[in-house]
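Take a look at the structure below.
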Amino acid sequence: MSYYQMLDNVHVFIRNRDQINFWEQELYRKEDFSEACIDVGLLLKEGLCRIVKSDEEKVKNEKETPKEYCPFCGRNLIRVLSEQEQKKNNLRYVSEKVGISNWDSVFAWKCPYCSKTWEREI
């Protein structure tokens, strides 16, 4: 089974249903797009996603990349860097959450997507 990795965020609004979000860097099945009435061929053509060849590659990516979600909007706060950024910074991924400090230490986190904050667990 093939999976599709989003290269940008796509938000779908369907009448009488909730908003459906497809988040950058996340992996989805063809059925996920069908449920949102989206043609995956069009997403590929427009460069909004890429094909991930197999279950093995999906499992490998999921094992190697940690997941950290905003407790409010549910967005994954770990971003996989582009190949160019990986070479430049010698990193594979970064956390996008914002630390809030009192000049001494970080006491809370802020989501860059929904702007809500939560206490840091110590």
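Going through the structure tokens in order, the chains are called A, B, and so on, while each chain numbers its residues from 1 and the ligands are numbered from 1 in the order shown.
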Report task. Please identify which residues in chain A DSSP calls helix (DSSP H, G or I) from the backbone, and express them as a list of chain:residue names. Result ->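 These are the residues in question: A:Lys30, A:Glu31, A:Asp32, A:Phe33, A:Ser34, A:Glu35, A:Val40, A:Gly41, A:Leu42, A:Leu43, A:Leu44, A:Lys45, A:Asp55, A:Glu56, A:Glu57, A:Lys58, A:Val59, A:Lys60, A:Asn61, A:Glu62, A:Lys63, A:Glu64, A:Glu83, A:Gln84, A:Glu85, A:Gln86, A:Lys87, A:Lys88, A:Asn89.
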Please report, as a compact mmCIF listing (two decimals) with all heavy atoms, in the first residue's frame, each residue of chain A to which DSSP assigns strand (DSSP E) when run on this structure's backbone.
# COMPACT_ATOMS: atom_id res chain seq x y z
N TYR A 3 1.57 5.32 0.57
CA TYR A 3 1.17 6.43 1.43
C TYR A 3 1.60 7.71 0.75
O TYR A 3 2.47 7.71 -0.13
CB TYR A 3 1.81 6.32 2.81
CG TYR A 3 1.26 5.17 3.61
CD1 TYR A 3 1.79 3.89 3.50
CD2 TYR A 3 0.20 5.36 4.48
CE1 TYR A 3 1.27 2.84 4.22
CE2 TYR A 3 -0.33 4.30 5.21
CZ TYR A 3 0.22 3.05 5.07
OH TYR A 3 -0.29 2.00 5.78
N TYR A 4 1.02 8.81 1.17
CA TYR A 4 1.31 10.11 0.59
C TYR A 4 1.73 11.05 1.70
O TYR A 4 1.02 11.19 2.70
CB TYR A 4 0.08 10.65 -0.14
CG TYR A 4 -0.38 9.71 -1.24
CD1 TYR A 4 -1.26 8.67 -0.96
CD2 TYR A 4 0.10 9.85 -2.53
CE1 TYR A 4 -1.66 7.79 -1.95
CE2 TYR A 4 -0.29 8.97 -3.53
CZ TYR A 4 -1.17 7.95 -3.23
OH TYR A 4 -1.55 7.08 -4.21
N GLN A 5 2.88 11.68 1.52
CA GLN A 5 3.37 12.64 2.50
C GLN A 5 3.04 14.04 2.00
O GLN A 5 3.39 14.41 0.87
CB GLN A 5 4.88 12.52 2.69
CG GLN A 5 5.41 13.48 3.73
CD GLN A 5 6.91 13.35 3.92
OE1 GLN A 5 7.63 13.03 2.99
NE2 GLN A 5 7.37 13.59 5.13
N MET A 6 2.38 14.81 2.85
CA MET A 6 2.01 16.17 2.49
C MET A 6 3.25 17.06 2.49
O MET A 6 4.09 16.96 3.37
CB MET A 6 0.97 16.73 3.46
CG MET A 6 -0.35 16.01 3.44
SD MET A 6 -1.15 15.99 1.82
CE MET A 6 -1.43 17.73 1.55
N VAL A 10 -3.11 21.44 3.74
CA VAL A 10 -4.31 21.55 2.93
C VAL A 10 -5.50 21.44 3.88
O VAL A 10 -5.58 20.52 4.69
CB VAL A 10 -4.38 20.44 1.85
CG1 VAL A 10 -5.72 20.49 1.12
CG2 VAL A 10 -3.22 20.56 0.88
N HIS A 11 -6.42 22.41 3.78
CA HIS A 11 -7.61 22.44 4.63
C HIS A 11 -8.83 22.32 3.73
O HIS A 11 -8.98 23.06 2.77
CB HIS A 11 -7.67 23.74 5.43
CG HIS A 11 -6.40 24.03 6.15
ND1 HIS A 11 -6.02 23.37 7.29
CD2 HIS A 11 -5.39 24.90 5.88
CE1 HIS A 11 -4.85 23.82 7.70
NE2 HIS A 11 -4.45 24.75 6.85
N VAL A 12 -9.71 21.39 4.06
CA VAL A 12 -10.90 21.14 3.24
C VAL A 12 -12.13 21.44 4.08
O VAL A 12 -12.27 20.95 5.20
CB VAL A 12 -10.93 19.66 2.78
CG1 VAL A 12 -12.17 19.39 1.94
CG2 VAL A 12 -9.67 19.31 2.02
N PHE A 13 -13.02 22.25 3.51
CA PHE A 13 -14.29 22.56 4.16
C PHE A 13 -15.40 21.92 3.33
O PHE A 13 -15.54 22.21 2.15
CB PHE A 13 -14.52 24.08 4.23
CG PHE A 13 -13.51 24.78 5.06
CD1 PHE A 13 -12.33 25.26 4.51
CD2 PHE A 13 -13.73 24.97 6.42
CE1 PHE A 13 -11.39 25.91 5.29
CE2 PHE A 13 -12.80 25.63 7.20
CZ PHE A 13 -11.62 26.10 6.63
N GLN A 19 -14.27 20.74 9.31
CA GLN A 19 -13.10 20.97 8.48
C GLN A 19 -12.19 19.74 8.56
O GLN A 19 -12.02 19.15 9.62
CB GLN A 19 -12.35 22.20 9.00
CG GLN A 19 -11.05 22.47 8.29
CD GLN A 19 -10.36 23.71 8.83
OE1 GLN A 19 -10.97 24.50 9.53
NE2 GLN A 19 -9.10 23.85 8.53
N ILE A 20 -11.61 19.36 7.44
CA ILE A 20 -10.66 18.25 7.39
C ILE A 20 -9.30 18.84 7.05
O ILE A 20 -9.16 19.60 6.09
CB ILE A 20 -11.07 17.21 6.34
CG1 ILE A 20 -12.45 16.64 6.67
CG2 ILE A 20 -10.03 16.09 6.26
CD1 ILE A 20 -13.03 15.76 5.59
N ASN A 21 -8.28 18.51 7.86
CA ASN A 21 -6.95 19.06 7.67
C ASN A 21 -5.97 17.98 7.27
O ASN A 21 -5.97 16.88 7.82
CB ASN A 21 -6.45 19.72 8.96
CG ASN A 21 -7.35 20.85 9.39
OD1 ASN A 21 -7.56 21.78 8.64
ND2 ASN A 21 -7.91 20.75 10.58
N PHE A 22 -5.12 18.31 6.33
CA PHE A 22 -4.00 17.46 5.93
C PHE A 22 -2.75 18.29 6.21
O PHE A 22 -2.52 19.31 5.57
CB PHE A 22 -4.10 17.06 4.45
CG PHE A 22 -5.31 16.23 4.16
CD1 PHE A 22 -6.48 16.81 3.69
CD2 PHE A 22 -5.30 14.86 4.39
CE1 PHE A 22 -7.60 16.05 3.43
CE2 PHE A 22 -6.43 14.08 4.13
CZ PHE A 22 -7.57 14.68 3.65
N LEU A 27 1.79 11.67 6.98
CA LEU A 27 1.52 10.64 5.97
C LEU A 27 0.04 10.27 5.98
O LEU A 27 -0.57 10.15 7.04
CB LEU A 27 2.35 9.39 6.26
CG LEU A 27 3.87 9.57 6.22
CD1 LEU A 27 4.56 8.29 6.65
CD2 LEU A 27 4.34 10.01 4.85
N TYR A 28 -0.51 10.07 4.76
CA TYR A 28 -1.93 9.74 4.61
C TYR A 28 -2.11 8.64 3.57
O TYR A 28 -1.26 8.44 2.71
CB TYR A 28 -2.73 10.98 4.17
CG TYR A 28 -2.68 12.10 5.17
CD1 TYR A 28 -1.74 13.12 5.07
CD2 TYR A 28 -3.57 12.12 6.23
CE1 TYR A 28 -1.69 14.14 6.01
CE2 TYR A 28 -3.53 13.13 7.18
CZ TYR A 28 -2.58 14.14 7.06
OH TYR A 28 -2.54 15.14 7.99
N CYS A 49 1.84 16.99 -2.39
CA CYS A 49 2.21 15.77 -1.67
C CYS A 49 3.14 14.94 -2.54
O CYS A 49 3.33 15.22 -3.72
CB CYS A 49 0.97 14.97 -1.26
SG CYS A 49 0.10 14.16 -2.61
N ARG A 50 3.74 13.92 -1.93
CA ARG A 50 4.59 12.99 -2.67
C ARG A 50 4.23 11.57 -2.24
O ARG A 50 3.70 11.35 -1.15
CB ARG A 50 6.07 13.26 -2.42
CG ARG A 50 6.56 12.86 -1.05
CD ARG A 50 8.05 13.11 -0.88
NE ARG A 50 8.52 12.66 0.41
CZ ARG A 50 9.03 11.45 0.64
NH1 ARG A 50 9.15 10.58 -0.34
NH2 ARG A 50 9.42 11.10 1.85
N ILE A 51 4.53 10.63 -3.12
CA ILE A 51 4.25 9.23 -2.82
C ILE A 51 5.36 8.66 -1.94
O ILE A 51 6.54 8.85 -2.22
CB ILE A 51 4.14 8.39 -4.11
CG1 ILE A 51 2.97 8.88 -4.97
CG2 ILE A 51 4.01 6.90 -3.79
CD1 ILE A 51 2.88 8.19 -6.31
N VAL A 52 4.95 8.00 -0.87
CA VAL A 52 5.87 7.22 -0.05
C VAL A 52 5.63 5.79 -0.47
O VAL A 52 4.53 5.28 -0.32
CB VAL A 52 5.61 7.44 1.45
CG1 VAL A 52 6.53 6.58 2.29
CG2 VAL A 52 5.79 8.91 1.81
N ILE A 78 6.73 18.49 15.64
CA ILE A 78 8.05 18.10 15.15
C ILE A 78 8.06 18.27 13.64
O ILE A 78 7.21 17.75 12.94
CB ILE A 78 8.38 16.64 15.52
CG1 ILE A 78 8.31 16.43 17.03
CG2 ILE A 78 9.74 16.24 14.96
CD1 ILE A 78 9.32 17.20 17.83
N ARG A 79 9.04 19.05 13.14
CA ARG A 79 9.14 19.29 11.70
C ARG A 79 10.40 18.63 11.17
O ARG A 79 11.49 18.84 11.69
CB ARG A 79 9.18 20.78 11.40
CG ARG A 79 9.26 21.10 9.91
CD ARG A 79 9.13 22.57 9.63
NE ARG A 79 10.18 23.38 10.21
CZ ARG A 79 11.33 23.66 9.58
NH1 ARG A 79 11.58 23.20 8.38
NH2 ARG A 79 12.23 24.42 10.19
N VAL A 80 10.24 17.82 10.13
CA VAL A 80 11.38 17.20 9.46
C VAL A 80 11.99 18.26 8.55
O VAL A 80 11.31 18.90 7.76
CB VAL A 80 10.95 15.96 8.64
CG1 VAL A 80 12.13 15.37 7.90
CG2 VAL A 80 10.30 14.93 9.55
N TYR A 93 15.40 16.79 12.33
CA TYR A 93 14.12 17.39 12.65
C TYR A 93 14.29 18.38 13.79
O TYR A 93 15.31 18.38 14.49
CB TYR A 93 13.08 16.33 13.02
CG TYR A 93 13.56 15.37 14.08
CD1 TYR A 93 13.46 15.69 15.42
CD2 TYR A 93 14.12 14.14 13.74
CE1 TYR A 93 13.91 14.83 16.40
CE2 TYR A 93 14.57 13.27 14.71
CZ TYR A 93 14.46 13.61 16.03
OH TYR A 93 14.90 12.77 17.01
N VAL A 94 13.30 19.25 13.96
CA VAL A 94 13.30 20.24 15.04
C VAL A 94 11.90 20.31 15.65
O VAL A 94 10.91 19.97 15.01
CB VAL A 94 13.70 21.65 14.55
CG1 VAL A 94 15.14 21.68 14.08
CG2 VAL A 94 12.77 22.15 13.46
N SER A 95 11.86 20.78 16.89
CA SER A 95 10.58 21.03 17.54
C SER A 95 10.17 22.46 17.23
O SER A 95 10.99 23.38 17.29
CB SER A 95 10.69 20.86 19.05
OG SER A 95 9.48 21.23 19.67
N VAL A 98 7.24 26.79 21.06
CA VAL A 98 7.95 27.97 21.54
C VAL A 98 8.03 27.90 23.06
O VAL A 98 7.01 27.70 23.73
CB VAL A 98 7.21 29.25 21.11
CG1 VAL A 98 7.91 30.48 21.63
CG2 VAL A 98 7.08 29.29 19.59
N GLY A 99 9.23 28.07 23.60
CA GLY A 99 9.41 28.07 25.04
C GLY A 99 9.12 29.44 25.63
O GLY A 99 9.55 30.46 25.08
N ILE A 100 8.40 29.48 26.74
CA ILE A 100 8.13 30.73 27.45
C ILE A 100 8.92 30.68 28.76
O ILE A 100 8.78 29.73 29.54
CB ILE A 100 6.62 30.89 27.74
CG1 ILE A 100 5.85 30.89 26.41
CG2 ILE A 100 6.36 32.16 28.53
CD1 ILE A 100 4.37 30.86 26.56
N SER A 101 9.77 31.69 28.96
CA SER A 101 10.65 31.65 30.13
C SER A 101 10.50 32.89 31.00
O SER A 101 9.92 33.89 30.60
CB SER A 101 12.11 31.52 29.68
OG SER A 101 12.57 32.75 29.15
N VAL A 106 12.55 27.69 31.20
CA VAL A 106 11.30 27.58 30.45
C VAL A 106 10.24 26.99 31.39
O VAL A 106 10.46 25.93 31.98
CB VAL A 106 11.48 26.69 29.21
CG1 VAL A 106 10.15 26.44 28.53
CG2 VAL A 106 12.46 27.34 28.23
N PHE A 107 9.12 27.68 31.55
CA PHE A 107 8.07 27.19 32.43
C PHE A 107 6.80 26.80 31.68
O PHE A 107 5.91 26.18 32.24
CB PHE A 107 7.74 28.20 33.53
CG PHE A 107 7.18 29.51 33.03
CD1 PHE A 107 5.82 29.66 32.80
CD2 PHE A 107 8.02 30.58 32.76
CE1 PHE A 107 5.31 30.86 32.34
CE2 PHE A 107 7.51 31.78 32.30
CZ PHE A 107 6.15 31.93 32.09
N ALA A 108 6.70 27.16 30.39
CA ALA A 108 5.52 26.82 29.60
C ALA A 108 5.89 26.73 28.13
O ALA A 108 6.95 27.20 27.70
CB ALA A 108 4.43 27.87 29.80
N TRP A 109 5.01 26.10 27.36
CA TRP A 109 5.19 25.97 25.91
C TRP A 109 4.04 26.66 25.20
O TRP A 109 2.93 26.73 25.73
CB TRP A 109 5.22 24.50 25.48
CG TRP A 109 6.31 23.70 26.12
CD1 TRP A 109 6.16 22.69 27.02
CD2 TRP A 109 7.71 23.81 25.88
NE1 TRP A 109 7.37 22.18 27.37
CE2 TRP A 109 8.35 22.85 26.68
CE3 TRP A 109 8.50 24.65 25.08
CZ2 TRP A 109 9.74 22.69 26.69
CZ3 TRP A 109 9.87 24.48 25.10
CH2 TRP A 109 10.48 23.51 25.90
N LYS A 110 4.30 27.15 23.98
CA LYS A 110 3.27 27.79 23.17
C LYS A 110 3.27 27.15 21.79
O LYS A 110 4.32 26.95 21.19
CB LYS A 110 3.56 29.29 23.04
CG LYS A 110 2.53 30.04 22.22
CD LYS A 110 2.86 31.53 22.20
CE LYS A 110 1.85 32.28 21.38
NZ LYS A 110 2.14 33.72 21.35
N THR A 117 -1.12 28.08 25.12
CA THR A 117 0.03 27.69 25.96
C THR A 117 -0.37 26.59 26.94
O THR A 117 -1.54 26.44 27.29
CB THR A 117 0.58 28.90 26.74
OG1 THR A 117 -0.44 29.40 27.58
CG2 THR A 117 1.05 29.98 25.80
N TRP A 118 0.64 25.86 27.39
CA TRP A 118 0.46 24.83 28.41
C TRP A 118 1.71 24.76 29.27
O TRP A 118 2.79 25.14 28.84
CB TRP A 118 0.09 23.48 27.81
CG TRP A 118 1.15 22.85 26.94
CD1 TRP A 118 2.08 21.92 27.32
CD2 TRP A 118 1.40 23.11 25.54
NE1 TRP A 118 2.87 21.57 26.25
CE2 TRP A 118 2.47 22.28 25.14
CE3 TRP A 118 0.81 23.94 24.60
CZ2 TRP A 118 2.97 22.28 23.84
CZ3 TRP A 118 1.31 23.93 23.31
CH2 TRP A 118 2.38 23.12 22.95
N GLU A 119 1.55 24.29 30.51
CA GLU A 119 2.66 24.22 31.45
C GLU A 119 3.65 23.15 31.02
O GLU A 119 3.29 22.10 30.50
CB GLU A 119 2.16 23.89 32.85
CG GLU A 119 1.48 25.04 33.53
CD GLU A 119 1.16 24.74 34.99
OE1 GLU A 119 1.87 23.92 35.61
OE2 GLU A 119 0.17 25.32 35.48
Query raised in the report: Quick one: distance from atom CA of A:Phe72 to atom CA of A:Ile38 in Å, one decimal?
Result: 26.2 Å
Query raised in the report: Skipping near chain neighbours, those fewer than 3 positions away, what residues fall within 7 Å of A:Leu7 using only C-alpha atoms, listed as a list in words?
Result: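 The residues satisfying every condition are Glu24, Gln25, Leu48 and Cys49 of chain A.
Between atom CA of A:Cys111 and atom CA of A:Asn90 the interatomic distance comes to 24.6 Å.
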